[in-house]
Amino acid sequence: MQVTLETTEGLERKMRIHVPADQLERKVDEKLKEAAQRARLKGFRPGKVPMREVKRRFEPGIRQEVSSELVQQSFNDAVQQESVVPAGPPKIDDIVMLPGKDLEYTALFEVFPEVKPGDSSEVVIEQPISEVTEADLEMMIEKLREQRAEYNEVERKAIKGDKLNIDFEGFIDDEPFDGNKAEGSDLVIGSGSMIPGFEDGLVGCVAGDGKDLEVSFPDDYHVDDLAGKPAIFKVVVNSISESVKPDLDENFFKQFGIEEDGLEAFKIKVRDNMDKELVQAIKQRVTNQVMDGLISVTEVDVPKALVEREVERMRNETVQRYGGNNKIDPSLLPAEMFESQASRRVKLGLIINALVEQESIEVDDDRVTKAIENMASAYEDPKQVIEFYSKDEQQQNQIRAMVLEEQVVDLLLERSNIEEKNMSYEDVLKPLQPDEETTAD
């Protein structure tokens with residue numbers, strides 16, 4: 001087998017491969033003999049079909065099949081021979097597979113980059129210092145009451161927090177558009193579920209009112225045909241209901257598993273959950289900064305093939321998250337939605353893998369065990385959960401990857417500059433932006 005390898009641009013490689021003709025013809029002959037034994041043709045006894053007839057009928061398909069097998073086999077042999085590691089499947093082009101001639105083809109592919117992790121001592125990490133205050137606790141209790149609130153119909157002007165039942169129809173330049181109409185739709189004023197100006201425009205209405213709302217779709221609205229355009233919604237208010245929060249009584253506490261000691265026990269449980277959330281949020285923020293810092297001090301080329309693969313995985317994750325496994329084709333989701341985050345994930349994965357190899361970091365099995373036990377403690381039967389993980393290798397590997405990332409973060413924190421920063425509970429728990437997530441699979 002003859003192989004020539006050249007670098008075209010960046011991580012892309014071009015490989016021209018020649019497979020000797022005798023190797024191709026030998027395999028074609030073997031397949032033809034097998035076909036002759038199996039062939040069932042009218043006018044011939046089984047196994048007695050002349051080879052010329054077998055070749056006439058089956059050789060083109062067999063030659064195609066053998067060529068495909070040899071391309072796959074020879075490409076694998078060639079990358080080993082040339083000591084290159086493809087980052088994704090090759091694009092096969094310029095195939096020559098004529099009888100009596102060498103099988104020739106070109107393979108275009110990307111290779112993994114060489115990654116040298118940067119100096120993390122240049123990275124500055126803000127370590128949040130925070131605690132759950134009494135005001136935070138009271139705010140959380142109010143949120144829990146609001147989540148379990150009931151709505152009672154009232155006869156008065158609508159205010160923020162009320163739930164309105166409405167009919168509406170929208171128009172752009174006096175023309176209706178897709179999704180412009182609804183009847184008997186419930187809307188809580190202040191929920192932010194409608195475009196800006198819609199909910200505010202209903203404050204002060206009473207049941208039976210009709211109102212024209214002049215609003216504009218945001219410039220970044222998810223439907224391109226509507227983004228940035230002014231619209232008029234004709235709205236009819238059917239009813240107005242006010243929120244009635246439940247009392248802090250025995251029935252309310254039972255919803256949280258509190259059977260005794262009432263309000264005091266309830267507060268203890270809520271604070272305990274808030275403390276756990278705070279610890280996790282601080283950990284996530286620190287990890288995020290460590291990863292940001294690692295990217296900022298490390299130069300790395302990212303193979304397009306790996307980004308495309310990550311985009312595909314993120315598409316599938318998104319569909320599954322919203323319960324559309326059999327209803328939504330993941331490929332309909334634009335790649336642009338995921339490319340930035342996918343590139344970040346791939347980059348982090350490459351850097352972390354290089355760091356693990358450079359520092360000879362091995363997964364701490366004790367930490368893996370503790371991580372599984374901590375996760376199991378949140379369930380009613382922890383032993384059953386631990387047993388589940390012990391039997392599921394894929395789930396174990398996910399935990400091991402998580403622990404390995406934690407070990408990398410711990411190592412980098414030892415080398416980074418730590419600056420403490422006082423933060424409120426609410427600020428610490430603010431969601432991270434999508435492109436700030438630290439997953440490095």
# chains A, B, ... in the order shown; residues from 1 in each chain; ligands from 1
call {"tool": "select_by_dssp", "arguments": {"residues": "region 223-328 of chain A", "states": "strand (DSSP E or B)", "output": "PyMOL selection string"}}
result
chain A and resi 230-244
call {"tool": "residues_around", "arguments": {"residues": "Arg309 (chain A)", "least_positions_apart": "6", "cutoff": "12 Å", "atoms": "only C-alpha atoms", "output": "ChimeraX atom specification"}}
result
/A:87-89,303,315-316,335,338-339,342-343,345-346,441
call {"tool": "write_last_selection", "arguments": {"atoms": "N, CA and C atoms", "output": "short mmCIF file (atom, residue, chain, number, x, y, z; two decimals), in the first residue's frame"}}
result
data_model
loop_
_atom_site.label_atom_id
_atom_site.label_comp_id
_atom_site.auth_asym_id
_atom_site.auth_seq_id
_atom_site.Cartn_x
_atom_site.Cartn_y
_atom_site.Cartn_z
N ALA A 87 -9.47 13.36 13.97
CA ALA A 87 -10.42 13.89 14.94
C ALA A 87 -11.85 13.58 14.55
N GLY A 88 -12.03 13.03 13.37
CA GLY A 88 -13.37 12.68 12.91
C GLY A 88 -13.26 11.81 11.67
N PRO A 89 -14.38 11.33 11.16
CA PRO A 89 -14.35 10.48 9.97
C PRO A 89 -13.84 11.25 8.76
N PRO A 303 -10.75 21.28 16.21
CA PRO A 303 -11.19 20.58 15.00
C PRO A 303 -12.68 20.81 14.73
N ARG A 315 -28.00 19.25 20.13
CA ARG A 315 -29.33 19.24 19.51
C ARG A 315 -30.19 18.15 20.12
N ASN A 316 -29.63 16.94 20.20
CA ASN A 316 -30.40 15.83 20.76
C ASN A 316 -30.74 16.06 22.22
N ALA A 335 -27.78 25.01 13.65
CA ALA A 335 -26.47 24.74 14.26
C ALA A 335 -25.93 25.97 14.97
N PHE A 338 -25.95 26.47 18.76
CA PHE A 338 -25.09 25.70 19.65
C PHE A 338 -23.60 25.87 19.39
N GLU A 339 -23.23 26.47 18.27
CA GLU A 339 -21.82 26.44 17.85
C GLU A 339 -20.87 27.06 18.86
N ALA A 342 -20.69 24.79 21.87
CA ALA A 342 -20.06 23.52 21.46
C ALA A 342 -18.56 23.69 21.30
N SER A 343 -18.15 24.81 20.69
CA SER A 343 -16.72 25.08 20.51
C SER A 343 -16.03 25.20 21.87
N ARG A 345 -16.99 23.83 24.74
CA ARG A 345 -16.93 22.51 25.35
C ARG A 345 -15.78 21.67 24.79
N VAL A 346 -15.67 21.70 23.45
CA VAL A 346 -14.60 20.93 22.81
C VAL A 346 -13.23 21.45 23.24
N ASP A 441 -16.83 17.66 28.09
CA ASP A 441 -16.97 16.22 27.89
C ASP A 441 -15.90 15.70 26.98
#
call {"tool": "residues_around", "arguments": {"residues": "region 411-419 of chain A", "least_positions_apart": "2", "cutoff": "7 Å", "atoms": "only C-alpha atoms", "output": "list in words"}}
result
Ser120, Ser121, Glu122, Val123, Val124, Ile125, Glu126, Gln127, Gln407, Val408, Val409 and Lys421 of chain A
call {"tool": "residues_around", "arguments": {"residues": "Cys205 (chain A)", "least_positions_apart": "4", "cutoff": "7 Å", "atoms": "only C-alpha atoms", "output": "ChimeraX atom specification"}}
result
/A:157-158,209
call {"tool": "closest_residue", "arguments": {"among": "A:Lys163, A:Lys14, A:Arg344, A:Arg63", "to": "Asp29 (chain A)", "atoms": "only C-alpha atoms"}}
result
A:Arg63
call {"tool": "residues_around", "arguments": {"residues": "Asp225 (chain A)", "least_positions_apart": "6", "cutoff": "12 Å", "atoms": "only C-alpha atoms", "output": "PyMOL selection string"}}
result
chain A and resi 172+177-178+217-219
call {"tool": "write_last_selection", "arguments": {"atoms": "N, CA and C atoms", "output": "PDB file, in the first residue's frame"}}
result
ATOM      1  N   ILE A 172     -49.833  42.470  11.944  1.00  0.00           N
ATOM      2  CA  ILE A 172     -48.691  43.284  11.516  1.00  0.00           C
ATOM      3  C   ILE A 172     -49.055  43.887  10.174  1.00  0.00           C
ATOM      4  N   PHE A 177     -50.672  36.830  11.333  1.00  0.00           N
ATOM      5  CA  PHE A 177     -49.438  36.049  11.176  1.00  0.00           C
ATOM      6  C   PHE A 177     -49.592  34.739  11.946  1.00  0.00           C
ATOM      7  N   ASP A 178     -48.697  33.797  11.690  1.00  0.00           N
ATOM      8  CA  ASP A 178     -48.768  32.496  12.347  1.00  0.00           C
ATOM      9  C   ASP A 178     -48.678  32.658  13.861  1.00  0.00           C
ATOM     10  N   PHE A 217     -42.228  43.400  18.493  1.00  0.00           N
ATOM     11  CA  PHE A 217     -41.483  42.187  18.789  1.00  0.00           C
ATOM     12  C   PHE A 217     -40.013  42.540  19.008  1.00  0.00           C
ATOM     13  N   PRO A 218     -39.361  41.902  19.965  1.00  0.00           N
ATOM     14  CA  PRO A 218     -37.932  42.182  20.196  1.00  0.00           C
ATOM     15  C   PRO A 218     -37.103  41.895  18.942  1.00  0.00           C
ATOM     16  N   ASP A 219     -35.991  42.600  18.813  1.00  0.00           N
ATOM     17  CA  ASP A 219     -35.114  42.396  17.659  1.00  0.00           C
ATOM     18  C   ASP A 219     -34.561  40.977  17.603  1.00  0.00           C
TER      19      ASP A 219
END
